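What follows is upload_13.cif (mmCIF, C-alpha atoms and all ligand atoms).
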data_target
loop_
_atom_site.group_PDB
_atom_site.id
_atom_site.type_symbol
_atom_site.label_atom_id
_atom_site.label_comp_id
_atom_site.auth_asym_id
_atom_site.auth_seq_id
_atom_site.Cartn_x
_atom_site.Cartn_y
_atom_site.Cartn_z
ATOM 1 C CA MET A 1 143.899 85.773 115.129
ATOM 2 C CA LYS A 2 140.921 85.754 117.483
ATOM 3 C CA VAL A 3 139.043 88.589 119.218
ATOM 4 C CA PRO A 4 136.075 87.940 121.541
ATOM 5 C CA ALA A 5 132.680 88.690 119.916
ATOM 6 C CA PRO A 6 130.965 91.720 121.505
ATOM 7 C CA VAL A 7 127.470 90.178 121.031
ATOM 8 C CA LYS A 8 125.672 86.831 121.406
ATOM 9 C CA THR A 9 125.547 85.032 118.039
ATOM 10 C CA SER A 10 123.245 82.291 116.710
ATOM 11 C CA VAL A 11 126.125 80.334 115.181
ATOM 12 C CA GLU A 12 129.766 80.154 116.150
ATOM 13 C CA GLY A 13 131.144 80.562 112.658
ATOM 14 C CA PHE A 14 130.788 79.926 108.927
ATOM 15 C CA GLN A 15 132.419 77.578 106.490
ATOM 16 C CA VAL A 16 134.057 79.373 103.560
ATOM 17 C CA SER A 17 134.808 77.408 100.386
ATOM 18 C CA VAL A 18 138.021 77.894 98.442
ATOM 19 C CA GLU A 19 135.891 79.092 95.520
ATOM 20 C CA GLU A 20 134.618 81.898 97.734
ATOM 21 C CA ILE A 21 138.148 82.785 98.836
ATOM 22 C CA GLU A 22 139.338 82.627 95.221
ATOM 23 C CA ALA A 23 136.695 85.171 94.234
ATOM 24 C CA ILE A 24 138.299 87.571 96.693
ATOM 25 C CA LEU A 25 141.930 86.827 95.805
ATOM 26 C CA GLN A 26 141.471 86.797 92.011
ATOM 27 C CA HIS A 27 140.199 89.845 90.167
ATOM 28 C CA PRO A 28 137.975 89.378 87.119
ATOM 29 C CA PRO A 29 140.147 89.520 83.989
ATOM 30 C CA MET A 30 139.988 92.440 81.588
ATOM 31 C CA LYS A 31 138.623 91.662 78.146
ATOM 32 C CA LEU A 32 141.924 91.773 76.296
ATOM 33 C CA PRO A 33 142.197 91.070 72.569
ATOM 34 C CA PRO A 34 144.220 87.980 71.633
ATOM 35 C CA TRP A 35 147.718 88.462 70.172
ATOM 36 C CA LYS A 36 147.593 87.846 66.414
ATOM 37 C CA ASP A 37 150.198 85.366 65.139
ATOM 38 C CA ALA A 38 152.985 87.280 63.422
ATOM 39 C CA TYR A 39 156.390 86.805 61.870
ATOM 40 C CA MET A 40 159.483 88.875 61.223
ATOM 41 C CA LYS A 41 162.473 88.187 59.002
ATOM 42 C CA LEU A 42 165.739 88.377 60.929
ATOM 43 C CA LYS A 43 168.954 89.833 59.514
ATOM 44 C CA ASP A 44 170.259 86.303 58.870
ATOM 45 C CA GLU A 45 167.079 85.491 56.854
ATOM 46 C CA ARG A 46 165.627 83.189 59.526
ATOM 47 C CA ILE A 47 161.872 83.644 60.055
ATOM 48 C CA LEU A 48 160.916 84.378 63.643
ATOM 49 C CA PHE A 49 157.323 83.334 64.352
ATOM 50 C CA ILE A 50 155.709 85.037 67.358
ATOM 51 C CA ARG A 51 152.626 83.507 68.920
ATOM 52 C CA ALA A 52 150.886 83.616 72.299
ATOM 53 C CA MET A 53 151.956 81.057 74.905
ATOM 54 C CA GLN A 54 149.477 78.164 75.038
ATOM 55 C CA ASP A 55 148.551 75.935 77.988
ATOM 56 C CA GLU A 56 150.524 72.996 76.508
ATOM 57 C CA ASP A 57 153.688 75.147 76.377
ATOM 58 C CA VAL A 58 153.682 75.825 80.117
ATOM 59 C CA PRO A 59 155.306 72.628 81.510
ATOM 60 C CA ILE A 60 157.890 72.660 78.707
ATOM 61 C CA LEU A 61 158.768 76.301 79.394
ATOM 62 C CA LEU A 62 158.985 75.722 83.152
ATOM 63 C CA ASP A 63 161.463 72.848 82.691
ATOM 64 C CA PHE A 64 163.463 74.963 80.291
ATOM 65 C CA MET A 65 163.600 77.999 82.638
ATOM 66 C CA ASP A 66 164.847 75.679 85.382
ATOM 67 C CA LYS A 67 167.848 74.943 83.157
ATOM 68 C CA VAL A 68 168.370 78.516 81.963
ATOM 69 C CA LYS A 69 168.439 79.844 85.527
ATOM 70 C CA LYS A 70 171.744 78.032 86.070
ATOM 71 C CA THR A 71 173.404 80.340 83.506
ATOM 72 C CA GLU A 72 175.486 82.714 85.572
ATOM 73 C CA HIS A 73 176.289 85.311 82.933
ATOM 74 C CA ASP A 74 174.486 88.266 81.353
ATOM 75 C CA PHE A 75 171.757 88.077 84.061
ATOM 76 C CA TYR A 76 170.151 84.976 82.492
ATOM 77 C CA ASP A 77 169.880 83.422 85.985
ATOM 78 C CA ILE A 78 167.796 86.106 87.674
ATOM 79 C CA VAL A 79 165.668 86.747 84.598
ATOM 80 C CA ALA A 80 164.940 83.016 84.091
ATOM 81 C CA ALA A 81 164.073 82.609 87.785
ATOM 82 C CA ARG A 82 161.623 85.517 87.590
ATOM 83 C CA VAL A 83 160.200 84.350 84.261
ATOM 84 C CA TYR A 84 159.592 80.871 85.778
ATOM 85 C CA THR A 85 157.272 82.406 88.364
ATOM 86 C CA GLU A 86 155.556 84.617 85.787
ATOM 87 C CA ILE A 87 154.815 81.606 83.561
ATOM 88 C CA LEU A 88 153.549 79.514 86.491
ATOM 89 C CA ALA A 89 151.416 82.464 87.606
ATOM 90 C CA VAL A 90 149.381 82.224 84.372
ATOM 91 C CA PRO A 91 147.722 78.806 84.998
ATOM 92 C CA ARG A 92 147.701 79.469 88.758
ATOM 93 C CA LYS A 93 145.954 82.781 88.063
ATOM 94 C CA ARG A 94 148.317 84.758 90.229
ATOM 95 C CA ILE A 95 149.153 87.478 87.714
ATOM 96 C CA LYS A 96 146.756 90.190 86.626
ATOM 97 C CA ASP A 97 145.954 90.343 82.895
ATOM 98 C CA PRO A 98 149.183 88.917 81.488
ATOM 99 C CA PHE A 99 150.252 88.699 77.862
ATOM 100 C CA THR A 100 152.934 86.128 77.143
ATOM 101 C CA LEU A 101 154.609 85.687 73.765
ATOM 102 C CA VAL A 102 156.978 82.998 72.529
ATOM 103 C CA GLY A 103 159.335 83.415 69.572
ATOM 104 C CA LEU A 104 159.892 80.271 67.548
ATOM 105 C CA ILE A 105 161.960 79.219 64.564
ATOM 106 C CA ASP A 106 160.625 75.997 63.048
ATOM 107 C CA GLY A 107 158.902 75.294 66.363
ATOM 108 C CA GLU A 108 162.042 75.747 68.469
ATOM 109 C CA LEU A 109 161.952 78.332 71.244
ATOM 110 C CA VAL A 110 164.363 81.202 70.560
ATOM 111 C CA GLY A 111 162.672 84.112 72.323
ATOM 112 C CA PHE A 112 160.266 85.048 75.086
ATOM 113 C CA ALA A 113 158.519 88.287 76.083
ATOM 114 C CA ASN A 114 155.781 89.071 78.561
ATOM 115 C CA GLY A 115 153.937 91.891 80.250
ATOM 116 C CA ARG A 116 150.678 92.625 81.959
ATOM 117 C CA MET A 117 147.976 95.266 82.080
ATOM 118 C CA TRP A 118 147.916 97.416 85.219
ATOM 119 C CA ASP A 119 144.630 98.910 84.064
ATOM 120 C CA LYS A 120 143.176 99.911 80.688
ATOM 121 C CA ASP A 121 145.640 102.798 80.269
ATOM 122 C CA LEU A 122 148.894 101.379 81.655
ATOM 123 C CA ALA A 123 150.775 98.261 80.606
ATOM 124 C CA ILE A 124 153.790 96.873 82.437
ATOM 125 C CA SER A 125 156.683 95.228 80.644
ATOM 126 C CA LEU A 126 157.973 92.199 82.560
ATOM 127 C CA HIS A 127 160.723 90.220 80.773
ATOM 128 C CA THR A 128 162.357 89.580 77.421
ATOM 129 C CA MET A 129 164.747 86.716 76.675
ATOM 130 C CA ALA A 130 166.726 85.450 73.687
ATOM 131 C CA PHE A 131 167.833 81.804 73.593
ATOM 132 C CA SER A 132 169.601 82.020 70.240
ATOM 133 C CA ARG A 133 172.063 84.864 70.497
ATOM 134 C CA ARG A 134 173.348 87.558 68.140
ATOM 135 C CA GLY A 135 170.174 87.575 66.027
ATOM 136 C CA ARG A 136 168.428 90.563 67.686
ATOM 137 C CA ILE A 137 165.661 88.131 68.592
ATOM 138 C CA GLY A 138 165.258 89.855 71.955
ATOM 139 C CA TRP A 139 164.737 93.155 70.155
ATOM 140 C CA ALA A 140 161.991 91.671 67.965
ATOM 141 C CA MET A 141 160.299 90.108 71.016
ATOM 142 C CA TYR A 142 160.404 93.349 73.037
ATOM 143 C CA TYR A 143 158.991 95.242 70.058
ATOM 144 C CA ALA A 144 156.184 92.667 69.682
ATOM 145 C CA LYS A 145 155.011 92.976 73.284
ATOM 146 C CA THR A 146 155.208 96.784 73.139
ATOM 147 C CA TYR A 147 153.154 96.603 69.928
ATOM 148 C CA TYR A 148 150.615 94.414 71.726
ATOM 149 C CA ALA A 149 150.306 96.813 74.674
ATOM 150 C CA LEU A 150 150.060 100.055 72.704
ATOM 151 C CA GLU A 151 148.454 98.957 69.424
ATOM 152 C CA MET A 152 146.268 95.979 70.312
ATOM 153 C CA ALA A 153 145.393 96.315 74.005
ATOM 154 C CA GLY A 154 144.944 100.112 73.821
ATOM 155 C CA ALA A 155 147.336 101.140 76.618
ATOM 156 C CA LYS A 156 148.385 104.785 76.663
ATOM 157 C CA GLU A 157 151.651 104.170 78.551
ATOM 158 C CA TRP A 158 154.186 101.336 78.777
ATOM 159 C CA TRP A 159 156.496 100.934 81.782
ATOM 160 C CA SER A 160 159.688 98.898 81.607
ATOM 161 C CA THR A 161 162.786 98.423 83.659
ATOM 162 C CA PHE A 162 166.039 96.694 82.789
ATOM 163 C CA GLU A 163 167.885 94.127 84.849
ATOM 164 C CA SER A 164 170.710 93.689 82.340
ATOM 165 C CA TYR A 165 173.039 95.817 80.225
ATOM 166 C CA ASN A 166 171.832 94.081 77.049
ATOM 167 C CA GLY A 167 168.222 94.728 78.060
ATOM 168 C CA TRP A 168 168.875 98.421 78.731
ATOM 169 C CA ARG A 169 170.697 98.794 75.414
ATOM 170 C CA MET A 170 167.953 96.943 73.489
ATOM 171 C CA ALA A 171 165.092 99.137 74.705
ATOM 172 C CA GLY A 172 166.158 101.827 77.200
ATOM 173 C CA LEU A 173 168.871 103.214 74.932
ATOM 174 C CA GLU A 174 167.700 102.244 71.454
ATOM 175 C CA MET A 175 164.095 103.364 72.029
ATOM 176 C CA ALA A 176 165.383 106.481 73.870
ATOM 177 C CA GLN A 177 163.003 105.851 76.755
ATOM 178 C CA PRO A 178 162.770 108.589 79.416
ATOM 179 C CA THR A 179 162.513 107.715 83.121
ATOM 180 C CA LYS A 180 160.089 108.514 85.933
ATOM 181 C CA PRO A 181 161.367 110.196 89.136
ATOM 182 C CA PHE A 182 163.159 107.765 91.476
ATOM 183 C CA PRO A 183 162.583 106.723 94.288
ATOM 184 C CA GLN A 184 159.077 108.233 94.218
ATOM 185 C CA MET A 185 158.129 105.831 91.449
ATOM 186 C CA GLN A 186 159.522 102.305 91.150
ATOM 187 C CA HIS A 187 158.973 99.394 88.773
ATOM 188 C CA GLU A 188 157.401 96.282 90.276
ATOM 189 C CA LEU A 189 160.495 94.287 89.278
ATOM 190 C CA GLY A 190 162.768 94.879 92.237
ATOM 191 C CA GLY A 191 161.866 98.529 92.737
ATOM 192 C CA ALA A 192 164.114 99.714 89.904
ATOM 193 C CA THR A 193 163.815 102.876 87.798
ATOM 194 C CA VAL A 194 160.747 103.064 85.565
ATOM 195 C CA PHE A 195 161.571 103.651 81.897
ATOM 196 C CA TYR A 196 158.487 104.499 79.872
ATOM 197 C CA LEU A 197 156.958 105.098 76.483
ATOM 198 C CA THR A 198 153.741 106.947 75.786
ATOM 199 C CA LYS A 199 151.482 106.126 72.861
ATOM 200 C CA GLU A 200 152.488 109.532 71.439
ATOM 201 C CA ASP A 201 156.226 108.605 71.560
ATOM 202 C CA TRP A 202 155.394 105.299 69.950
ATOM 203 C CA ASP A 203 153.372 106.863 67.134
ATOM 204 C CA ALA A 204 155.902 109.640 66.596
ATOM 205 C CA ARG A 205 158.981 107.434 66.127
ATOM 206 C CA VAL A 206 159.302 104.203 68.105
ATOM 207 C CA LYS A 207 156.892 102.322 65.832
ATOM 208 C CA ASN A 208 159.708 102.244 63.242
ATOM 209 C CA TYR A 209 162.120 100.577 65.689
ATOM 210 C CA ALA A 210 161.778 97.017 64.349
ATOM 211 C CA ARG A 211 162.469 98.120 60.782
ATOM 212 C CA ASP A 212 165.374 100.326 61.906
ATOM 213 C CA MET A 213 166.977 97.932 64.406
ATOM 214 C CA VAL A 214 166.007 94.409 63.307
ATOM 215 C CA GLY A 215 165.472 95.042 59.599
ATOM 216 C CA ASP A 216 161.808 94.109 59.215
ATOM 217 C CA ASP A 217 158.332 94.829 60.578
ATOM 218 C CA LEU A 218 155.852 92.447 62.130
ATOM 219 C CA HIS A 219 153.715 90.714 59.501
ATOM 220 C CA PHE A 220 150.336 89.485 60.652
ATOM 221 C CA ASP A 221 149.604 87.227 57.676
ATOM 222 C CA PRO A 222 151.600 84.033 58.317
ATOM 223 C CA SER A 223 150.923 81.178 55.912
ATOM 224 C CA ALA A 224 149.153 78.049 57.118
ATOM 225 C CA GLU A 225 152.467 76.230 56.578
ATOM 226 C CA LEU A 226 154.391 78.627 58.831
ATOM 227 C CA LYS A 227 151.736 78.352 61.541
ATOM 228 C CA LYS A 228 151.778 74.563 61.331
ATOM 229 C CA LYS A 229 155.590 74.476 61.686
ATOM 230 C CA ASN A 230 155.327 76.499 64.889
ATOM 231 C CA GLU A 231 152.275 74.866 66.435
ATOM 232 C CA LYS A 232 154.211 72.586 68.772
ATOM 233 C CA LEU A 233 156.873 74.269 70.870
ATOM 234 C CA THR A 234 160.207 72.507 71.369
ATOM 235 C CA VAL A 235 163.217 73.778 73.292
ATOM 236 C CA PRO A 236 166.882 73.761 72.242
ATOM 237 C CA ALA A 237 168.525 70.427 73.114
ATOM 238 C CA GLU A 238 171.606 72.283 74.371
ATOM 239 C CA LEU A 239 171.871 75.713 75.915
ATOM 240 C CA GLN A 240 174.278 77.958 74.031
ATOM 241 C CA LEU A 241 173.926 81.235 75.797
HETATM 242 C C1 LIG B 301 168.538 91.213 76.594
HETATM 243 C C2 LIG B 301 168.375 90.205 75.466
HETATM 244 C C3 LIG B 301 166.905 89.797 75.396
HETATM 245 C C4 LIG B 301 168.788 90.900 74.153
HETATM 246 O O1 LIG B 301 168.479 90.064 73.108
HETATM 247 P P1 LIG B 301 169.366 89.905 71.772
HETATM 248 O O2 LIG B 301 169.921 91.198 71.365
HETATM 249 O O3 LIG B 301 168.553 89.154 70.807
HETATM 250 O O4 LIG B 301 170.451 88.947 72.232
HETATM 251 P P2 LIG B 301 172.017 88.939 72.473
HETATM 252 O O5 LIG B 301 172.210 89.002 73.922
HETATM 253 O O6 LIG B 301 172.464 87.745 71.760
HETATM 254 O O7 LIG B 301 172.698 90.182 71.782
HETATM 255 C C5 LIG B 301 173.087 91.368 72.439
HETATM 256 C C6 LIG B 301 174.359 91.885 71.802
HETATM 257 O O8 LIG B 301 175.461 91.168 72.346
HETATM 258 C C7 LIG B 301 176.201 90.534 71.298
HETATM 259 N N1 LIG B 301 176.657 89.227 71.762
HETATM 260 C C8 LIG B 301 175.877 88.199 72.184
HETATM 261 N N2 LIG B 301 176.667 87.174 72.566
HETATM 262 C C9 LIG B 301 177.927 87.578 72.382
HETATM 263 C C10 LIG B 301 179.190 86.971 72.604
HETATM 264 N N3 LIG B 301 179.295 85.740 73.084
HETATM 265 N N4 LIG B 301 180.277 87.681 72.314
HETATM 266 C C11 LIG B 301 180.195 88.933 71.837
HETATM 267 N N5 LIG B 301 179.026 89.558 71.610
HETATM 268 C C12 LIG B 301 177.914 88.892 71.887
HETATM 269 C C13 LIG B 301 175.230 90.412 70.155
HETATM 270 O O9 LIG B 301 175.894 90.318 68.912
HETATM 271 C C14 LIG B 301 174.404 91.665 70.302
HETATM 272 O O10 LIG B 301 174.992 92.799 69.715
HETATM 273 P P3 LIG B 301 174.484 93.325 68.265
HETATM 274 O O11 LIG B 301 173.003 93.468 68.365
HETATM 275 O O12 LIG B 301 175.174 94.608 68.073
HETATM 276 O O13 LIG B 301 174.855 92.251 67.303
HETATM 277 C C15 LIG B 301 169.256 88.949 75.696
HETATM 278 O O14 LIG B 301 170.581 89.380 75.855
HETATM 279 C C16 LIG B 301 168.870 88.122 76.896
HETATM 280 O O15 LIG B 301 167.995 87.268 76.826
HETATM 281 N N6 LIG B 301 169.546 88.355 78.045
HETATM 282 C C17 LIG B 301 169.264 87.651 79.281
HETATM 283 C C18 LIG B 301 167.957 88.082 79.883
HETATM 284 C C19 LIG B 301 167.854 89.563 79.956
HETATM 285 O O16 LIG B 301 168.765 90.245 80.351
HETATM 286 N N7 LIG B 301 166.672 90.066 79.579
HETATM 287 C C20 LIG B 301 166.357 91.449 79.611
HETATM 288 C C21 LIG B 301 165.992 91.813 80.984
HETATM 289 S S1 LIG B 301 165.764 93.513 81.093
#
As structure tokens, please, write out the structure in this file.
Amino acid sequence: MKVPAPVKTSVEGFQVSVEEIEAILQHPPMKLPPWKDAYMKLKDERILFIRAMQDEDVPILLDFMDKVKKTEHDFYDIVAARVYTEILAVPRKRIKDPFTLVGLIDGELVGFANGRMWDKDLAISLHTMAFSRRGRIGWAMYYAKTYYALEMAGAKEWWSTFESYNGWRMAGLEMAQPTKPFPQMQHELGGATVFYLTKEDWDARVKNYARDMVGDDLHFDPSAELKKKNEKLTVPAELQL
């Protein structure tokens, strides 16, 4: 777009570096605490290890989401397609203050959960996925990211929405989350209804959800052996969703 200058100028223009543009496009990150490695025992005795996504995981996860997005049932396709962009947005710095967790069993990816901070008081839930089914792994992953937002990052409110019936059951129904007025308020994922939890709701009863619904709590004291086993992320050789 060009508009004639209303005054004589000494120079005809400026050169702007991409670093200068980046400073405008990218906001300075909040000082968020790191997720602490944790584990939870599943009903079938398997040990789910939950750690933060690392830079080395990114290309592996992107390839994997490319495969998962071809799964045309239970909304895996749309969720994987959206998760692909949310993972890529982390190294490309096109997502504000994300937190991204992977759930591993002996290093193999079985779960995923992410969210981001809107500001210091509000955290937004993005997506949760289970890649080994019927183990309530999704429930443990959703609990872990809610725990991060409300217990570690200090948010006062947590906004979710649900693209799938399993997702709604896992957290909308089983955490008895109320909703914000619609259409006045919409979640950033597709403009859907906002389901929410306050820190008060969490403290009053939702904190017990993992014990009630999965059968264990998060433990933040993994052994060196357990950490070592889950250092390098691998993905399932075959999709069984
Ligand atoms: C939503 C999600 C994370 C829930 O995680 P999860 O509970 O660990 O995973 P599952 O989908 O395996 O289990 C959901 C229920 O369906 C049942 N189920 C799963 N596959 C089944 C099958 N083939 N036949 C019958 N029941 C099945 C499970 O037993 C479980 O019920 P239960 O908890 O009473 O045992 C997971 O379903 C998922 O990744 N879905 C696709 C992405 C998605 O929708 N994410 C949420 C977006 S809001």
If the PyMOL selection byres (((not hetatm)) within 7 of (chain B and resi 301)) were run on this exact file, what residues would it hold? Put them as a ChimeraX atom specification. /A:74-76,79,127-139,161-164,166-168,170
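Minimum distance to A:Thr85 across A:Thr71, A:Gln186, A:Asn114, A:Thr234 (counting only C-alpha atoms) occurs at A:Asn114.
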Given the PyMOL selection byres (((chain A and resi 34) around 10) and not hetatm) and the file above, list the residues it selects as a PyMOL selection string. chain A and resi 31-33+35-37+51-52+99+148+152-153
Chain and number of each residue from the PyMOL selection byres (((chain A and resi 177) around 7) and not hetatm), as a PyMOL selection string: chain A and resi 172-173+175-176+178-179+195-197
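Counting from atom CA of A:Asp63, the distance to atom CA of A:Gly111 is 15.4 Å.
With distances taken over all atoms listed in the file, A:Tyr147 is the one residue among A:Phe14, A:Phe64, A:Phe182, A:Tyr147 lying closest to A:His219.
Residue nearest A:Ile87 within the list A:Val68, A:Leu104, A:Ile60, A:Val7: A:Ile60 [criterion: smallest interatomic distance, all atoms listed in the file].
Reported to one decimal place, the separation of atom CA of A:Leu48 from atom CA of A:Leu150 is 21.1 Å.
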What separates atom CA of A:Val194 and atom CA of A:Pro181 is a distance of 8.0 Å
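For A:Val90, the non-local neighbours within 10 Å, defined as residues at least 3 positions apart in the same chain or in other chains and counting all atoms listed in the file, are A:Met53, A:Asp55, A:Val58, A:Thr85, A:Glu86, A:Ile87, A:Lys93, A:Arg94, A:Ile95, A:Lys96, A:Asp97, A:Pro98, A:Phe99, A:Thr100.
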Find the residues near A:Lys67: any atom within 9 Å, counting all atoms listed in the file, skip ones fewer than 5 places away on the same chain, and give them as a PyMOL selection string. chain A and resi 62+80+239
Set the distance at 8 Å and use only C-alpha atoms: which residues neighbour A:Met40 once local chain neighbours fewer than 5 positions away are removed? I'd like the list as a ChimeraX atom specification. /A:47-49,140,216-219
Kindly indicate which residue among A:Met141, A:Val18, A:Lys41, A:Pro4 lies nearest to A:Val110, using all atoms listed in the file for the distances. A:Met141
